[in-house]
$ cat my_file12.cif   # mmCIF, C-alpha atoms
data_input
loop_
_atom_site.label_atom_id
_atom_site.label_comp_id
_atom_site.auth_asym_id
_atom_site.auth_seq_id
_atom_site.Cartn_x
_atom_site.Cartn_y
_atom_site.Cartn_z
CA MET A 1 -16.82 -19.94 12.28
CA GLU A 2 -17.40 -16.24 12.86
CA GLU A 3 -14.83 -14.84 10.53
CA SER A 4 -14.42 -15.07 6.85
CA ARG A 5 -11.47 -13.97 4.79
CA GLU A 6 -11.23 -12.39 1.46
CA HIS A 7 -9.36 -14.21 -1.22
CA VAL A 8 -5.89 -13.02 -2.03
CA PRO A 9 -5.88 -13.09 -5.79
CA GLU A 10 -3.20 -14.75 -7.78
CA GLU A 11 -1.36 -12.66 -10.27
CA SER A 12 -4.08 -11.14 -12.38
CA ASP A 13 -4.34 -11.41 -16.08
CA PRO A 14 -2.54 -8.34 -17.37
CA ARG A 15 -4.89 -8.22 -20.32
CA THR A 16 -7.80 -7.32 -18.10
CA PRO A 17 -6.67 -4.85 -15.48
CA ALA A 18 -9.46 -4.27 -13.02
CA GLY A 19 -9.27 -0.51 -12.81
CA MET A 20 -8.99 0.49 -16.42
CA ASN A 21 -12.65 1.13 -17.08
CA VAL A 22 -13.86 2.01 -13.62
CA SER A 23 -14.77 5.51 -12.53
CA ASP A 24 -13.00 7.29 -9.72
CA ASP A 25 -16.34 7.40 -7.88
CA ARG A 26 -16.66 3.63 -8.01
CA MET A 27 -13.12 3.16 -6.72
CA LEU A 28 -13.72 5.71 -3.97
CA ASP A 29 -16.90 3.97 -2.95
CA LEU A 30 -15.06 0.67 -2.58
CA LEU A 31 -12.14 2.30 -0.79
CA SER A 32 -14.41 4.11 1.64
CA ARG A 33 -15.89 0.75 2.59
CA ALA A 34 -12.39 -0.72 3.01
CA GLU A 35 -12.99 -3.14 0.13
CA PRO A 36 -9.65 -4.40 -1.21
CA GLU A 37 -11.06 -4.39 -4.73
CA GLY A 38 -10.96 -0.60 -4.55
CA ILE A 39 -7.20 -0.44 -4.14
CA GLU A 40 -6.81 -3.17 -6.75
CA MET A 41 -8.66 -1.03 -9.27
CA LEU A 42 -6.74 2.07 -8.25
CA TYR A 43 -3.48 0.18 -8.69
CA ASP A 44 -4.45 -0.98 -12.16
CA ARG A 45 -5.32 2.58 -13.10
CA TYR A 46 -2.36 4.45 -11.68
CA SER A 47 0.48 2.05 -10.90
CA GLY A 48 2.23 2.77 -14.20
CA LEU A 49 2.18 6.51 -13.61
CA ALA A 50 3.19 6.06 -9.99
CA TYR A 51 6.11 3.82 -10.89
CA THR A 52 7.22 6.11 -13.72
CA LEU A 53 7.35 9.00 -11.27
CA ALA A 54 9.08 7.05 -8.50
CA PHE A 55 11.67 5.64 -10.90
CA ARG A 56 12.34 9.06 -12.38
CA VAL A 57 13.09 10.45 -8.93
CA LEU A 58 15.03 7.49 -7.56
CA ASN A 59 16.58 5.85 -10.64
CA ASP A 60 16.35 2.51 -8.86
CA ALA A 61 13.75 -0.08 -9.85
CA GLY A 62 13.63 -1.80 -6.46
CA ALA A 63 13.38 1.42 -4.51
CA ALA A 64 10.75 2.73 -6.91
CA GLU A 65 8.64 -0.39 -6.43
CA ASP A 66 8.97 -0.06 -2.67
CA VAL A 67 7.75 3.51 -2.88
CA VAL A 68 4.82 2.54 -5.07
CA GLN A 69 3.80 -0.25 -2.72
CA GLU A 70 4.10 2.02 0.32
CA ALA A 71 2.12 4.72 -1.42
CA PHE A 72 -0.77 2.47 -2.39
CA LEU A 73 -0.83 0.96 1.09
CA SER A 74 -0.97 4.49 2.44
CA VAL A 75 -3.91 5.24 0.15
CA TRP A 76 -5.61 2.07 1.38
CA ARG A 77 -5.12 3.05 5.01
CA ARG A 78 -6.07 6.70 4.57
CA ALA A 79 -8.90 6.33 2.06
CA SER A 80 -11.41 7.74 4.53
CA THR A 81 -9.45 11.01 4.66
CA TYR A 82 -9.61 11.61 0.93
CA ARG A 83 -11.63 14.64 -0.13
CA SER A 84 -12.54 14.97 -3.76
CA ASP A 85 -12.84 18.75 -3.46
CA ARG A 86 -9.11 18.91 -2.84
CA GLY A 87 -8.10 17.17 -6.03
CA SER A 88 -8.52 14.11 -8.17
CA LEU A 89 -7.47 10.61 -7.21
CA ARG A 90 -4.61 10.93 -9.66
CA THR A 91 -3.39 14.06 -7.93
CA TRP A 92 -3.67 12.37 -4.55
CA VAL A 93 -1.80 9.25 -5.65
CA CYS A 94 0.91 11.23 -7.41
CA SER A 95 1.37 13.52 -4.41
CA ILE A 96 1.84 10.58 -2.05
CA VAL A 97 4.23 8.80 -4.40
CA HIS A 98 6.17 12.01 -4.97
CA HIS A 99 6.56 12.79 -1.30
CA ARG A 100 7.63 9.26 -0.45
CA ALA A 101 10.10 9.16 -3.32
CA LEU A 102 11.62 12.47 -2.22
CA ASP A 103 11.82 11.26 1.37
CA ARG A 104 13.70 8.20 0.23
CA LEU A 105 15.95 10.20 -2.09
CA ARG A 106 16.84 12.65 0.65
CA GLY A 107 17.49 9.81 3.03
CA ARG A 108 20.16 8.37 0.80
CA ALA A 109 23.77 8.92 1.72
CA GLY A 110 25.21 11.23 -0.85
CA GLY A 111 21.83 11.83 -2.43
CA ALA A 112 22.20 10.03 -5.73
CA ARG A 113 20.14 12.49 -7.72
CA ARG A 114 19.47 12.65 -11.40
CA ASP A 115 19.22 15.62 -13.65
CA VAL A 116 18.02 14.01 -16.83
CA ALA A 117 15.71 16.08 -18.96
CA LEU A 118 12.16 14.86 -19.27
CA GLU A 119 12.33 13.60 -22.80
CA HIS A 120 15.54 11.71 -22.04
CA ALA A 121 14.06 9.65 -19.25
CA PRO A 122 14.84 5.96 -19.70
CA MET A 123 12.66 3.80 -21.85
CA ALA A 124 11.26 0.49 -20.73
CA VAL A 125 8.97 -2.13 -22.12
CA THR A 126 5.44 -1.04 -21.48
CA SER A 127 2.48 -3.28 -21.07
CA VAL A 128 -0.32 -0.85 -21.71
CA SER A 129 -3.14 -3.19 -22.33
CA ASP A 130 -5.48 -1.37 -24.55
CA THR A 131 -5.05 0.63 -27.71
CA TRP A 132 -7.22 3.46 -26.46
CA ASP A 133 -5.34 3.64 -23.19
CA LYS A 134 -2.15 3.86 -25.17
CA VAL A 135 -3.55 6.61 -27.36
CA ALA A 136 -4.75 8.50 -24.30
CA ASP A 137 -1.34 8.16 -22.66
CA VAL A 138 0.43 9.45 -25.76
CA LEU A 139 -1.95 12.38 -26.02
CA ALA A 140 -1.48 13.27 -22.38
CA ARG A 141 2.29 13.01 -22.70
CA GLU A 142 2.38 15.22 -25.77
CA THR A 143 0.06 17.73 -24.14
CA VAL A 144 2.17 18.09 -21.01
CA ARG A 145 5.36 18.24 -23.05
CA ARG A 146 3.93 20.99 -25.20
CA ALA A 147 2.97 22.86 -22.07
CA LEU A 148 6.50 22.45 -20.70
CA ASP A 149 7.86 23.79 -23.97
CA GLN A 150 6.05 27.03 -23.24
CA LEU A 151 8.25 27.61 -20.20
CA SER A 152 11.52 29.46 -20.32
CA VAL A 153 14.64 27.34 -20.01
CA GLU A 154 15.19 28.67 -16.50
CA GLN A 155 11.63 27.98 -15.41
CA ARG A 156 11.72 24.48 -16.80
CA GLU A 157 15.05 23.70 -15.20
CA THR A 158 13.80 24.99 -11.88
CA ILE A 159 10.73 22.77 -12.02
CA GLU A 160 12.75 19.71 -13.03
CA LEU A 161 15.34 20.20 -10.30
CA ALA A 162 12.58 20.58 -7.76
CA TYR A 163 10.03 17.99 -8.77
CA PHE A 164 12.22 15.24 -10.19
CA GLY A 165 15.58 16.11 -8.68
CA GLY A 166 14.33 16.54 -5.15
CA TYR A 167 16.24 19.74 -4.56
CA SER A 168 14.97 22.33 -2.11
CA GLN A 169 14.51 25.95 -3.11
CA THR A 170 17.68 26.88 -1.28
CA GLU A 171 19.65 24.13 -3.02
CA ILE A 172 18.31 25.18 -6.40
CA SER A 173 19.35 28.73 -5.62
CA ASP A 174 22.89 27.51 -5.01
CA LEU A 175 22.93 25.24 -8.04
CA MET A 176 21.61 27.85 -10.44
CA ARG A 177 23.50 30.68 -8.75
CA VAL A 178 20.50 32.92 -8.48
CA PRO A 179 18.86 34.52 -5.44
CA LEU A 180 16.40 32.41 -3.48
CA GLY A 181 13.64 34.86 -4.31
CA THR A 182 14.26 34.26 -8.00
CA VAL A 183 13.85 30.51 -7.55
CA LYS A 184 10.59 31.02 -5.68
CA GLY A 185 9.34 33.36 -8.34
CA ARG A 186 10.31 31.05 -11.18
CA THR A 187 8.59 28.10 -9.53
CA ARG A 188 5.38 29.99 -9.04
CA LEU A 189 5.36 31.50 -12.51
CA ALA A 190 6.21 28.19 -14.14
CA LEU A 191 3.35 26.38 -12.44
CA ARG A 192 0.90 29.17 -13.22
CA LYS A 193 1.97 29.13 -16.84
CA LEU A 194 1.70 25.34 -17.02
CA ARG A 195 -1.74 25.44 -15.51
CA GLY A 196 -2.89 28.06 -17.96
CA VAL A 197 -1.52 26.24 -21.00
CA LEU A 198 -2.90 22.88 -19.86
CA GLU A 199 -6.32 24.35 -19.22
CA PHE A 200 -6.30 25.90 -22.67
CA GLN A 201 -5.24 22.64 -24.30
CA VAL A 202 -7.87 20.68 -22.43
CA ALA A 203 -10.47 23.22 -23.51
CA GLU A 204 -9.23 22.75 -27.08
CA GLY A 205 -9.76 19.04 -26.71
CA SER A 206 -6.23 17.81 -26.95
CA MET A 207 -6.14 16.20 -23.49
CA VAL B 1 2.05 35.29 9.91
CA ILE B 2 2.40 35.70 6.18
CA SER B 3 0.31 37.34 3.50
CA CYS B 4 -1.72 35.39 0.99
CA GLN B 5 0.74 36.44 -1.69
CA ASP B 6 3.64 34.95 0.25
CA ALA B 7 1.57 31.85 0.97
CA ASP B 8 0.94 31.49 -2.75
CA ILE B 9 4.68 31.48 -3.43
CA LEU B 10 5.24 28.87 -0.74
CA ALA B 11 2.32 26.77 -1.97
CA ALA B 12 3.93 26.60 -5.40
CA ALA B 13 7.19 25.41 -3.85
CA HIS B 14 5.29 22.91 -1.73
CA SER B 15 3.55 21.40 -4.75
CA VAL B 16 6.85 20.44 -6.38
CA GLY B 17 8.36 19.24 -3.11
CA SER B 18 11.03 21.90 -2.89
CA ILE B 19 9.75 24.00 -0.02
CA ASP B 20 12.26 24.50 2.78
CA ALA B 21 11.36 23.04 6.17
CA ASP B 22 10.79 26.33 7.96
CA ASP B 23 8.61 27.61 5.15
CA GLU B 24 6.52 24.42 5.25
CA THR B 25 5.47 25.09 8.82
CA THR B 26 4.64 28.70 7.99
CA LEU B 27 2.60 27.63 4.97
CA GLN B 28 0.61 25.00 6.84
CA LEU B 29 -0.26 27.51 9.53
CA HIS B 30 -1.56 29.91 6.93
CA LEU B 31 -3.49 27.24 5.03
CA SER B 32 -5.21 26.16 8.21
CA THR B 33 -6.97 29.51 8.31
CA CYS B 34 -7.29 30.55 4.65
CA ALA B 35 -9.67 28.72 2.35
CA ASP B 36 -8.65 30.72 -0.71
CA CYS B 37 -5.01 29.75 -0.30
CA ARG B 38 -5.98 26.11 0.33
CA ARG B 39 -7.78 26.17 -3.00
CA ALA B 40 -4.78 27.74 -4.71
CA ALA B 41 -2.46 25.18 -3.12
CA GLY B 42 -4.68 22.40 -4.43
CA GLU B 43 -4.46 23.85 -7.93
CA TYR B 44 -0.67 23.91 -7.75
CA LEU B 45 -0.67 20.29 -6.59
CA ALA B 46 -2.96 19.26 -9.43
CA THR B 47 -0.69 20.98 -11.93
CA ALA B 48 2.44 19.37 -10.48
CA ALA B 49 0.75 15.96 -10.54
CA ARG B 50 0.59 16.23 -14.33
CA LEU B 51 4.35 16.50 -14.69
CA PRO B 52 4.89 12.69 -14.60
CA LEU B 53 2.60 12.41 -17.61
CA ALA B 54 5.40 13.95 -19.67
CA LEU B 55 7.72 11.01 -18.97
CA GLU B 56 8.07 7.92 -21.10
CA PRO B 57 5.82 5.43 -19.31
CA LEU B 58 7.31 2.58 -17.33
CA GLN B 59 5.63 -0.37 -15.66
CA PRO B 60 6.57 -2.00 -12.37
CA SER B 61 7.28 -5.71 -12.29
CA SER B 62 4.29 -8.02 -12.40
CA ASP B 63 5.15 -9.21 -8.87
CA LEU B 64 4.38 -5.85 -7.30
CA ARG B 65 0.63 -6.12 -7.73
CA GLY B 66 0.55 -9.45 -5.92
CA ARG B 67 2.78 -8.16 -3.11
CA LEU B 68 0.59 -5.13 -2.61
CA MET B 69 -2.67 -7.03 -2.64
CA ARG B 70 -1.42 -9.67 -0.23
CA ALA B 71 -0.54 -6.89 2.20
CA VAL B 72 -3.91 -5.21 1.65
CA TYR B 73 -5.89 -8.40 2.20
CA ALA B 74 -3.87 -9.19 5.32
CA GLU B 75 -4.65 -5.75 6.74
CA ALA B 76 -8.31 -6.07 5.79
CA GLU B 77 -8.52 -9.37 7.58
CA HIS B 78 -6.78 -8.00 10.63
CA ALA B 79 -9.11 -4.99 10.69
CA SER B 80 -12.19 -7.18 10.45
CA ARG B 81 -10.96 -9.23 13.38
CA ARG B 82 -10.31 -6.14 15.45
CA SER B 83 -13.68 -4.63 14.62
CA ALA B 84 -15.59 -7.72 15.76
CA PRO B 85 -17.52 -7.03 19.00
CA ALA B 86 -15.23 -7.76 21.92
CA ARG B 87 -17.88 -9.55 23.92
CA THR B 88 -18.27 -12.16 21.19
CA ALA B 89 -14.59 -13.08 21.22
CA PRO B 90 -13.33 -15.42 23.93
CA TRP B 91 -10.77 -13.94 26.25
CA TRP B 92 -7.92 -16.02 24.92
CA GLN B 93 -8.74 -14.92 21.38
CA ARG B 94 -8.64 -11.26 22.36
CA MET B 95 -5.28 -11.79 24.00
CA TRP B 96 -4.02 -13.56 20.91
CA ASP B 97 -5.21 -10.79 18.59
CA ALA B 98 -3.33 -8.22 20.66
CA ILE B 99 -0.01 -9.81 19.79
CA PRO B 100 1.87 -7.83 17.11
CA ARG B 101 2.63 -10.79 14.93
CA SER B 102 3.63 -8.73 11.91
CA ARG B 103 6.61 -7.35 13.76
CA GLY B 104 7.82 -10.61 15.09
CA PHE B 105 7.62 -11.74 18.61
CA THR B 106 8.66 -9.31 21.26
CA VAL B 107 9.33 -10.56 24.74
CA LEU B 108 5.93 -9.26 25.77
CA ALA B 109 4.20 -10.92 22.86
CA ALA B 110 5.96 -14.17 23.50
CA ALA B 111 4.92 -13.96 27.12
CA ALA B 112 1.35 -13.30 26.05
CA VAL B 113 1.38 -16.42 23.91
CA VAL B 114 2.70 -18.49 26.78
CA VAL B 115 0.05 -17.04 29.06
CA ALA B 116 -2.67 -17.59 26.47
CA ILE B 117 -1.71 -21.19 25.99
CA ALA B 118 -1.24 -21.79 29.69
CA ALA B 119 -4.54 -20.14 30.50
CA THR B 120 -6.34 -22.11 27.85
CA SER B 121 -4.81 -25.26 29.23
CA TRP B 122 -5.94 -24.24 32.71
CA SER B 123 -9.40 -23.55 31.35
CA VAL B 124 -9.52 -26.91 29.66
CA ILE B 125 -8.28 -28.77 32.71
CA ASN B 126 -10.75 -27.02 34.98
CA SER B 127 -13.73 -27.22 32.69
CA GLN B 128 -16.51 -29.62 33.46
CA ASP B 129 -16.07 -31.32 30.14
CA THR B 130 -13.21 -33.66 29.51
CA PRO B 131 -10.42 -31.73 27.73
CA ILE B 132 -9.56 -33.02 24.33
CA ALA B 133 -5.99 -33.34 23.09
CA VAL B 134 -5.63 -34.39 19.49
CA PRO B 135 -2.19 -35.45 18.22
CA LEU B 136 -1.21 -34.15 14.82
CA ALA B 137 -0.22 -36.39 11.94
CA ALA B 138 2.70 -35.06 9.93
CA THR B 139 2.87 -35.35 6.15
CA ALA B 140 5.83 -36.13 3.95
CA LEU B 141 6.45 -32.40 3.48
CA ALA B 142 7.19 -31.89 7.15
CA PRO B 143 7.90 -35.36 8.50
CA THR B 144 9.41 -34.08 11.74
CA ALA B 145 6.36 -31.99 12.68
CA HIS B 146 4.94 -33.05 16.00
CA GLY B 147 2.27 -31.50 18.14
CA GLN B 148 -1.28 -31.39 19.35
CA LEU B 149 -4.48 -29.39 19.41
CA LEU B 150 -5.90 -28.83 22.88
CA TYR B 151 -9.53 -27.73 22.94
CA ASP B 152 -12.84 -27.72 24.75
CA ARG B 153 -16.06 -28.96 23.25
CA GLY B 154 -18.01 -25.97 21.92
CA SER B 155 -15.04 -23.62 22.04
CA GLY B 156 -11.71 -22.82 20.48
CA GLY B 157 -8.34 -24.24 21.29
CA VAL B 158 -4.61 -23.88 21.06
CA LEU B 159 -2.39 -25.59 18.56
CA THR B 160 1.29 -26.22 19.34
CA VAL B 161 3.73 -27.75 16.89
CA THR B 162 7.43 -28.53 17.05
CA GLY B 163 9.80 -29.75 14.38
CA LEU B 164 8.72 -27.26 11.73
CA SER B 165 11.12 -25.15 9.71
CA SER B 166 10.10 -21.87 8.09
CA PRO B 167 7.32 -22.02 5.45
CA SER B 168 9.64 -20.86 2.70
CA THR B 169 11.84 -23.90 3.18
CA VAL B 170 8.89 -26.28 2.99
CA ALA B 171 7.38 -24.91 -0.21
CA LYS B 172 8.54 -22.43 -2.80
CA GLY B 173 6.84 -19.09 -2.28
CA GLY B 174 5.66 -20.10 1.16
CA GLY B 175 5.06 -17.20 3.52
CA VAL B 176 2.89 -18.55 6.32
CA TYR B 177 1.54 -21.71 7.83
CA GLU B 178 -2.23 -21.34 7.63
CA VAL B 179 -4.49 -23.47 9.79
CA TRP B 180 -7.80 -24.77 8.44
CA LEU B 181 -10.83 -26.29 10.08
CA VAL B 182 -12.44 -28.86 7.81
CA PRO B 183 -16.20 -29.43 8.06
CA ALA B 184 -17.80 -32.80 7.38
CA ASP B 185 -19.07 -31.43 4.13
CA GLY B 186 -17.97 -28.20 2.55
CA ALA B 187 -14.81 -26.24 2.04
CA PRO B 188 -12.09 -25.84 4.67
CA VAL B 189 -12.41 -22.68 6.71
CA PRO B 190 -9.34 -20.50 7.43
CA ALA B 191 -8.80 -20.50 11.18
CA ALA B 192 -5.41 -19.05 12.11
CA TYR B 193 -1.78 -18.63 11.23
CA LEU B 194 0.97 -20.45 13.07
CA SER B 195 3.45 -18.11 14.73
CA GLN B 196 6.91 -19.12 15.84
CA GLN B 197 7.90 -18.52 19.42
CA PRO B 198 11.44 -17.80 20.59
CA ASP B 199 12.01 -21.45 21.54
CA GLY B 200 11.18 -22.53 17.98
CA THR B 201 7.74 -23.89 18.78
CA TRP B 202 4.94 -22.91 16.40
CA SER B 203 1.55 -22.15 17.89
CA ALA B 204 -1.83 -20.65 17.11
CA ALA B 205 -5.04 -19.88 18.90
CA VAL B 206 -7.78 -21.56 16.88
CA ASN B 207 -11.00 -19.61 16.80
CA GLY B 208 -14.54 -20.95 16.62
CA ASN B 209 -16.32 -24.08 17.71
CA VAL B 210 -13.56 -26.54 16.96
CA SER B 211 -15.61 -29.58 17.89
CA SER B 212 -18.13 -28.84 15.16
CA TYR B 213 -15.52 -29.64 12.51
CA SER B 214 -14.25 -32.98 11.31
CA ALA B 215 -10.57 -32.23 10.97
CA ILE B 216 -7.86 -29.66 11.32
CA ALA B 217 -4.98 -29.15 8.92
CA ALA B 218 -2.23 -26.70 8.09
CA THR B 219 -0.91 -25.69 4.70
CA VAL B 220 1.84 -23.50 3.38
CA GLU B 221 0.41 -20.35 1.82
CA PRO B 222 1.83 -17.12 0.41
CA ALA B 223 2.40 -14.26 2.85
CA GLY B 224 -0.98 -12.86 3.84
CA GLY B 225 -2.69 -16.22 3.58
CA SER B 226 -5.32 -17.54 1.20
CA ARG B 227 -9.04 -18.09 1.14
CA THR B 228 -8.74 -21.65 -0.06
CA PRO B 229 -5.97 -24.01 0.97
CA SER B 230 -3.24 -25.12 -1.37
CA ALA B 231 -2.42 -28.77 -1.72
CA VAL B 232 0.70 -28.32 0.38
CA ARG B 233 -0.42 -29.79 3.71
CA VAL B 234 2.14 -30.10 6.45
CA PHE B 235 0.02 -31.82 9.11
CA GLN B 236 -3.54 -32.80 9.85
CA ALA B 237 -5.68 -34.46 12.47
CA ALA B 238 -9.19 -35.82 12.79
CA LEU B 239 -11.28 -34.11 15.47
CA THR B 240 -13.44 -35.73 18.09
CA ASN B 241 -17.00 -34.41 18.12
#
$ encode --input "my_file12.cif" --output "structure tokens"
Amino acid sequence: MEESREHVPEESDPRTPAGMNVSDDRMLDLLSRAEPEGIEMLYDRYSGLAYTLAFRVLNDAGAAEDVVQEAFLSVWRRASTYRSDRGSLRTWVCSIVHHRALDRLRGRAGGARRDVALEHAPMAVTSVSDTWDKVADVLARETVRRALDQLSVEQRETIELAYFGGYSQTEISDLMRVPLGTVKGRTRLALRKLRGVLEFQVAEGSM
Amino acid sequence: VISCQDADILAAAHSVGSIDADDETTLQLHLSTCADCRRAAGEYLATAARLPLALEPLQPSSDLRGRLMRAVYAEAEHASRRSAPARTAPWWQRMWDAIPRSRGFTVLAAAAVVVAIAATSWSVINSQDTPIAVPLAATALAPTAHGQLLYDRGSGGVLTVTGLSSPSTVAKGGGVYEVWLVPADGAPVPAAYLSQQPDGTWSAAVNGNVSSYSAIAATVEPAGGSRTPSAVRVFQAALTN
């Protein structure tokens, strides 16, 4: 028999996710060779973040899971196009999930959008498997929240409406009743400020 | 044409997904020629990608991982088949692989199956060796299954089965009928998936030297197939060497 097939794993033991202790380089190496283990590890590493983002945008568990599955399949198919000099794997995964979630949101009739503030996002039972992972997640969350707290109310609202609400700059201009140029300026300034604060906090060792 | 300053403003909007459609085109044109702005755009994207970290973490259902990996393994298998050197695959196998099974049978695909089976039958009938037709023995799981494997010695063959309902009705969680070639000693080897034609018949082109195996069988497996067969056999047949 010429061909052989890889095993499709049964549901894995959630106590030992494959990607938790694997470097991005290792996952990239596997992905570049079209090894399914690469996407398995990537999923274990980033599926929680991806789902959190998709659910926040869509507010629909089924749709969010669809987006996550589509996004990871897209990563699997396009792994050879990934360039590390253009951003981390996390950035790449989040960008794909975000774009797909926004596409789905904008495709909905009536656009069932949400405007819930970040800290009021819904809770759910988590299954973070390791104490250190949990600690790292909490630290990262607190760090980003502190950075967001540095923004003005208007800047923060603009970012939330755009990134999580799926509103275009023109729509935000209408919603906030400010000129389009103001929205563009706020977006840019907010991101620059966030970047600066996050870089400082990372340098200080809090993330 | 826009300035780098304008591109920077658009890149920020792009990173949070709020850029207007016209501006997106303008930005991409600029980025295609400006490395500095590409770098800046990447920094905005990296910053935006940290925003989800501020949310209370959620987890998808435990089913999602399995669904994703079944799809990944199915694509990997398909890719490995397609990347095999064409000259090593028999003509009927190449025709079979060209059928878009994942999207269901189109008229063209169905016609290709009919042609593949007919051509294989013609090949068998006109070969110098005596063609071999092996009747299938149904199991209690699919008692109405009826069919045969038609093959040449030293080559592959075509399996046709009638009286089968969908895999999900035969076994819980069933997604596909997977065909296995069973050697005299050793583990069964995955050979093909049965596909349903418009007339309800199930068929598969079976790859490899069929006559070198002792038996053929089909099981119900999850979508995407398995490396090792489950115990859920729906039919089987001993092969003539």
$ closest_residue --input "my_file12.cif" --among "A:Val183, A:Tyr167, A:Ala71, A:Ser173" --to "chain B" --atoms "only C-alpha atoms"
A:Tyr167
$ resolve_selection --input "my_file12.cif" --expression "the PyMOL selection byres ((chain B) within 7 of (chain A))" --output "PDB file with C-alpha atoms, keeping the file's coordinate frame"
ATOM      1  CA  ILE B   9       4.680  31.480  -3.430  1.00  0.00           C
ATOM      2  CA  ALA B  12       3.930  26.600  -5.400  1.00  0.00           C
ATOM      3  CA  ALA B  13       7.190  25.410  -3.850  1.00  0.00           C
ATOM      4  CA  VAL B  16       6.850  20.440  -6.380  1.00  0.00           C
ATOM      5  CA  GLY B  17       8.360  19.240  -3.110  1.00  0.00           C
ATOM      6  CA  SER B  18      11.030  21.900  -2.890  1.00  0.00           C
ATOM      7  CA  ILE B  19       9.750  24.000  -0.020  1.00  0.00           C
ATOM      8  CA  ASP B  20      12.260  24.500   2.780  1.00  0.00           C
ATOM      9  CA  GLY B  42      -4.680  22.400  -4.430  1.00  0.00           C
ATOM     10  CA  TYR B  44      -0.670  23.910  -7.750  1.00  0.00           C
ATOM     11  CA  LEU B  45      -0.670  20.290  -6.590  1.00  0.00           C
ATOM     12  CA  ALA B  46      -2.960  19.260  -9.430  1.00  0.00           C
ATOM     13  CA  THR B  47      -0.690  20.980 -11.930  1.00  0.00           C
ATOM     14  CA  ALA B  49       0.750  15.960 -10.540  1.00  0.00           C
ATOM     15  CA  LEU B  51       4.350  16.500 -14.690  1.00  0.00           C
ATOM     16  CA  PRO B  52       4.890  12.690 -14.600  1.00  0.00           C
ATOM     17  CA  LEU B  53       2.600  12.410 -17.610  1.00  0.00           C
ATOM     18  CA  ALA B  54       5.400  13.950 -19.670  1.00  0.00           C
ATOM     19  CA  LEU B  55       7.720  11.010 -18.970  1.00  0.00           C
ATOM     20  CA  GLU B  56       8.070   7.920 -21.100  1.00  0.00           C
ATOM     21  CA  PRO B  57       5.820   5.430 -19.310  1.00  0.00           C
ATOM     22  CA  LEU B  58       7.310   2.580 -17.330  1.00  0.00           C
ATOM     23  CA  GLN B  59       5.630  -0.370 -15.660  1.00  0.00           C
ATOM     24  CA  PRO B  60       6.570  -2.000 -12.370  1.00  0.00           C
ATOM     25  CA  LEU B  64       4.380  -5.850  -7.300  1.00  0.00           C
ATOM     26  CA  GLY B  66       0.550  -9.450  -5.920  1.00  0.00           C
ATOM     27  CA  LEU B  68       0.590  -5.130  -2.610  1.00  0.00           C
ATOM     28  CA  MET B  69      -2.670  -7.030  -2.640  1.00  0.00           C
ATOM     29  CA  ARG B  70      -1.420  -9.670  -0.230  1.00  0.00           C
ATOM     30  CA  VAL B  72      -3.910  -5.210   1.650  1.00  0.00           C
ATOM     31  CA  TYR B  73      -5.890  -8.400   2.200  1.00  0.00           C
ATOM     32  CA  GLU B  77      -8.520  -9.370   7.580  1.00  0.00           C
ATOM     33  CA  GLY B 208     -14.540 -20.950  16.620  1.00  0.00           C
ATOM     34  CA  ASN B 209     -16.320 -24.080  17.710  1.00  0.00           C
ATOM     35  CA  SER B 226      -5.320 -17.540   1.200  1.00  0.00           C
ATOM     36  CA  ARG B 227      -9.040 -18.090   1.140  1.00  0.00           C
TER      37      ARG B 227
END
$ residues_around --input "my_file12.cif" --residues "B:Thr144" --least-positions-apart "6" --cutoff "12 Å" --atoms "all atoms listed in the file" --output "PyMOL selection string"
chain B and resi 136-138+161-165+170+234-235
$ atom_distance --input "my_file12.cif" --atom1 "atom CA of B:Ala7" --atom2 "atom CA of B:His30"
7.0 Å
$ atom_distance --input "my_file12.cif" --atom1 "atom CA of B:Ala215" --atom2 "atom CA of B:Val189"
10.6 Å
$ residues_around --input "my_file12.cif" --residues "B:Gly186" --least-positions-apart "3" --cutoff "12 Å" --atoms "only C-alpha atoms" --output "number ranges by chain"
B: 181-183, 189, 213-215, 228
$ atom_distance --input "my_file12.cif" --atom1 "atom CA of B:Arg38" --atom2 "atom CA of A:Ser80"
19.6 Å
$ closest_residue --input "my_file12.cif" --among "A:Val197, A:Val97, A:Leu105, A:Met41" --to "A:Ser74" --atoms "all atoms listed in the file"
A:Val97
$ residues_around --input "my_file12.cif" --residues "B:Leu159" --least-positions-apart "3" --cutoff "9 Å" --atoms "only C-alpha atoms" --output "number ranges by chain"
B: 117, 147-151, 194, 202-206
$ write_last_selection --input "my_file12.cif" --atoms "C-alpha atoms" --output "mmCIF file, in the coordinates of the input"
data_model
loop_
_atom_site.group_PDB
_atom_site.id
_atom_site.type_symbol
_atom_site.label_atom_id
_atom_site.label_comp_id
_atom_site.auth_asym_id
_atom_site.auth_seq_id
_atom_site.Cartn_x
_atom_site.Cartn_y
_atom_site.Cartn_z
ATOM 1 C CA ILE B 117 -1.710 -21.190 25.990
ATOM 2 C CA GLY B 147 2.270 -31.500 18.140
ATOM 3 C CA GLN B 148 -1.280 -31.390 19.350
ATOM 4 C CA LEU B 149 -4.480 -29.390 19.410
ATOM 5 C CA LEU B 150 -5.900 -28.830 22.880
ATOM 6 C CA TYR B 151 -9.530 -27.730 22.940
ATOM 7 C CA LEU B 194 0.970 -20.450 13.070
ATOM 8 C CA TRP B 202 4.940 -22.910 16.400
ATOM 9 C CA SER B 203 1.550 -22.150 17.890
ATOM 10 C CA ALA B 204 -1.830 -20.650 17.110
ATOM 11 C CA ALA B 205 -5.040 -19.880 18.900
ATOM 12 C CA VAL B 206 -7.780 -21.560 16.880
#
